[in-house]
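Heads up, the thing below is written out as structure tokens.
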Amino acid sequence: NAGVTQTPKFRVLKTGQSMTLLCAQDMNHEYMYWYRQDPGMGLRLIHYSVGEGTTAKGEVPDGYNVSRLKKQNFLLGLESAAPSQTSVYFCASSHRRAINYGYTFGSGTRLTVV
Amino acid sequence: AQTVTQSQPEMSVQEAETVTLSCTYDTSESDYYLFWYKQPPSRQMILVIRQEAYKQQNATENRFSVNFQKAAKSFSLKISDSQLGDAAMYFCAYRSGVFTGTASKLTFGTGTRLQVTL
């Protein structure tokens, strides 16, 4: 099993450019999440999804959009990148009946906006 | 909303010694789960240990154990016989045990960077 796969692993964007981060899981998990990690701030939830076709805002959703057209994929979009969005982005997934087991994480995407 | 506090940004321990990382949390719920994650330089998030709030017995995983004090809302991680490979960022996390529409998201602390010296 591949678990949770994030692409790309690294990316450099210019201010104002757009991009999409892809998260794919092969564990048939219902719940999927996007977090950002910044020094001294831990991991903060951007958006999450409880199932195919549904998304919801997390703690820091501004400047991001998401879509979950298929159960196994959760896309994070930046429409107009800003330097403040320089961060490491993590995708994670969870089975809805296994909340006592935490998440399965992807390996992260390091995004730099110049 | 739940909050998780890790008051030690950095800790250092000598190889083979014992170190304790602190974590406190704030919640009004009685059913929840607590986790410690390790993030080595590879950036991968690795689950170290977890604790169910309804269990009084402290969880243990080999050299890793927790001191769970529910009344004090404290969840510290003890690493015994520290090894060079334990050097990493450690995150404490909280997850509600209540099924809601919020997908039982994890709330993380700000992390503690652990250095292991010879």
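If you're wondering about the labels, chains in the structure tokens are A, B, ... by order shown, residues count from 1 in each chain, ligands from 1 in order shown.
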
Contacts of stretch 47-52 of chain B within 10 Å, only C-alpha atoms, excl. fewer than 3 positions in-chain, as a PyMOL selection string:
(chain A and resi 100-105) or (chain B and resi 31-39+44+55-62+64-68+75+77+90-95+97)

Please produce a file of those selected residues containing C-alpha atoms, as a short mmCIF file (atom, residue, chain, number, x, y, z; two decimals), in the first residue's frame.
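To be explicit, this is the file written out as selection-v1.cif:
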```cif
data_model
loop_
_atom_site.label_atom_id
_atom_site.label_comp_id
_atom_site.auth_asym_id
_atom_site.auth_seq_id
_atom_site.Cartn_x
_atom_site.Cartn_y
_atom_site.Cartn_z
CA ASN A 100 -8.56 6.64 18.02
CA TYR A 101 -5.70 5.85 15.66
CA GLY A 102 -4.80 9.34 14.50
CA TYR A 103 -4.00 10.07 10.89
CA THR A 104 -1.98 8.63 8.07
CA PHE A 105 0.19 11.45 6.77
CA ASP B 31 -14.14 11.50 25.50
CA TYR B 32 -10.99 12.19 23.52
CA TYR B 33 -7.67 10.84 22.35
CA LEU B 34 -4.16 12.16 22.75
CA PHE B 35 -1.17 11.51 20.55
CA TRP B 36 2.53 12.15 20.30
CA TYR B 37 3.99 12.43 16.82
CA LYS B 38 7.66 12.46 15.91
CA GLN B 39 8.94 14.42 12.92
CA GLN B 44 7.63 12.38 7.82
CA LYS B 55 -8.13 4.62 30.14
CA GLN B 56 -6.42 5.41 33.40
CA GLN B 57 -3.40 3.28 32.60
CA ASN B 58 -0.58 5.20 30.95
CA ALA B 59 0.35 4.04 27.47
CA THR B 60 3.78 2.56 26.84
CA GLU B 61 5.59 1.73 23.60
CA ASN B 62 9.06 0.32 24.18
CA PHE B 64 8.37 5.72 25.09
CA SER B 65 5.78 6.20 27.80
CA VAL B 66 3.31 8.86 28.79
CA ASN B 67 2.20 10.39 32.04
CA PHE B 68 -1.48 11.12 31.51
CA PHE B 75 0.02 14.52 28.75
CA LEU B 77 6.07 12.02 26.94
CA TYR B 90 7.82 16.12 18.70
CA PHE B 91 4.20 17.20 18.45
CA CYS B 92 1.45 16.59 20.96
CA ALA B 93 -2.04 16.34 19.46
CA TYR B 94 -5.65 16.13 20.62
CA ARG B 95 -8.58 14.51 18.91
CA GLY B 97 -13.94 11.32 20.59
#
```

Find the residues in chain B near chain A: any atom within 6 Å counts, using only C-alpha atoms. Write them as a list in words.
Gln44, Ala103, Phe108, Gly109, Thr110 and Gly111 of chain B

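Using only C-alpha atoms for every distance, the candidate list B:Leu118, B:Ser42, B:Leu106, B:Tyr25 yields B:Leu106 as the residue closest to A:Ile46.
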
Compile the contact shell of B:Thr20 as a list in words: residues with an atom at most 8 Å away, counting only C-alpha atoms, same-chain residues fewer than 3 positions apart removed.
Ser76, Leu77, Lys78 and Ile79 of chain B

Just the selected residues (all heavy atoms), exported as a PDB file, in the first residue's frame, please.
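Below you can see again-v6.pdb, which holds the result:
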```
ATOM      1  N   SER B  76       2.368  14.199  29.227  1.00  0.00           N
ATOM      2  CA  SER B  76       3.797  14.315  28.953  1.00  0.00           C
ATOM      3  C   SER B  76       4.365  13.021  28.378  1.00  0.00           C
ATOM      4  O   SER B  76       3.841  11.926  28.638  1.00  0.00           O
ATOM      5  CB  SER B  76       4.562  14.695  30.224  1.00  0.00           C
ATOM      6  OG  SER B  76       4.372  13.721  31.219  1.00  0.00           O
ATOM      7  N   LEU B  77       5.407  13.160  27.598  1.00  0.00           N
ATOM      8  CA  LEU B  77       6.068  12.024  26.939  1.00  0.00           C
ATOM      9  C   LEU B  77       7.435  11.809  27.560  1.00  0.00           C
ATOM     10  O   LEU B  77       8.234  12.737  27.618  1.00  0.00           O
ATOM     11  CB  LEU B  77       6.233  12.292  25.446  1.00  0.00           C
ATOM     12  CG  LEU B  77       7.021  11.248  24.652  1.00  0.00           C
ATOM     13  CD1 LEU B  77       6.236   9.939  24.566  1.00  0.00           C
ATOM     14  CD2 LEU B  77       7.355  11.764  23.252  1.00  0.00           C
ATOM     15  N   LYS B  78       7.697  10.598  28.014  1.00  0.00           N
ATOM     16  CA  LYS B  78       8.994  10.253  28.568  1.00  0.00           C
ATOM     17  C   LYS B  78       9.721   9.327  27.610  1.00  0.00           C
ATOM     18  O   LYS B  78       9.165   8.312  27.175  1.00  0.00           O
ATOM     19  CB  LYS B  78       8.858   9.581  29.936  1.00  0.00           C
ATOM     20  CG  LYS B  78      10.211   9.317  30.604  1.00  0.00           C
ATOM     21  CD  LYS B  78      10.062   8.831  32.043  1.00  0.00           C
ATOM     22  CE  LYS B  78       9.792   7.353  32.104  1.00  0.00           C
ATOM     23  NZ  LYS B  78       9.882   6.842  33.508  1.00  0.00           N
ATOM     24  N   ILE B  79      10.937   9.718  27.277  1.00  0.00           N
ATOM     25  CA  ILE B  79      11.779   8.888  26.409  1.00  0.00           C
ATOM     26  C   ILE B  79      12.932   8.377  27.269  1.00  0.00           C
ATOM     27  O   ILE B  79      13.716   9.162  27.805  1.00  0.00           O
ATOM     28  CB  ILE B  79      12.325   9.683  25.217  1.00  0.00           C
ATOM     29  CG1 ILE B  79      11.181  10.344  24.445  1.00  0.00           C
ATOM     30  CG2 ILE B  79      13.127   8.766  24.294  1.00  0.00           C
ATOM     31  CD1 ILE B  79      11.628  11.269  23.317  1.00  0.00           C
TER      32      ILE B  79
END
```

So which residues touch B:Ala71 within 12 Å, counting only C-alpha atoms, skipping near sequence neighbours fewer than 2 positions away, as JSON, numbers by chain?
{"B": [24, 25, 26, 27, 28, 29, 30, 53, 54, 56, 68, 69, 73, 74, 75]}

Name all residues at most 7 Å from stretch 62-74 of chain A (count only C-alpha atoms; drop same-chain ones fewer than 4 positions away) and give them as an NGL selection string.
:A and (22-26 or 28 or 30 or 32 or 51-55 or 78)

Okay, now the selection with C-alpha atoms, as a PDB file, in the first residue's frame?
```
ATOM      1  CA  LEU A  22      -2.507  16.742  -5.088  1.00  0.00           C
ATOM      2  CA  CYS A  23      -3.144  14.267  -2.302  1.00  0.00           C
ATOM      3  CA  ALA A  24      -4.059  10.675  -3.058  1.00  0.00           C
ATOM      4  CA  GLN A  25      -4.830   7.863  -0.624  1.00  0.00           C
ATOM      5  CA  ASP A  26      -5.494   4.225  -1.344  1.00  0.00           C
ATOM      6  CA  ASN A  28     -10.564   4.021   1.310  1.00  0.00           C
ATOM      7  CA  GLU A  30     -13.524   8.927   4.338  1.00  0.00           C
ATOM      8  CA  MET A  32      -9.022  13.870   4.470  1.00  0.00           C
ATOM      9  CA  GLY A  51     -16.399  12.476   2.205  1.00  0.00           C
ATOM     10  CA  GLU A  52     -16.536  12.657  -1.559  1.00  0.00           C
ATOM     11  CA  GLY A  53     -18.026  15.908  -2.753  1.00  0.00           C
ATOM     12  CA  THR A  54     -17.817  17.633   0.632  1.00  0.00           C
ATOM     13  CA  THR A  55     -15.295  20.124   1.971  1.00  0.00           C
ATOM     14  CA  LEU A  78      -3.628  28.377  -4.421  1.00  0.00           C
TER      15      LEU A  78
END
```

Could you name the residues that touch B:Asp81 at 6 Å or less, counting only C-alpha atoms, but leaving out those on the same chain fewer than 6 positions away, as an NGL selection string?
:B and (16-18)

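Proximity to B:Val13 was assessed for B:Ser104, B:Asp86, B:Arg63, B:Ala72 counting only C-alpha atoms; the smallest distance is recorded for B:Asp86.
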
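Picture a line from atom CA of A:Thr86 to atom CA of A:Val4; it runs 21.9 Å.
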
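For the atom pair formed by atom CA of B:Met89 and atom CA of B:Gln14, the distance is 16.2 Å, given to one decimal.
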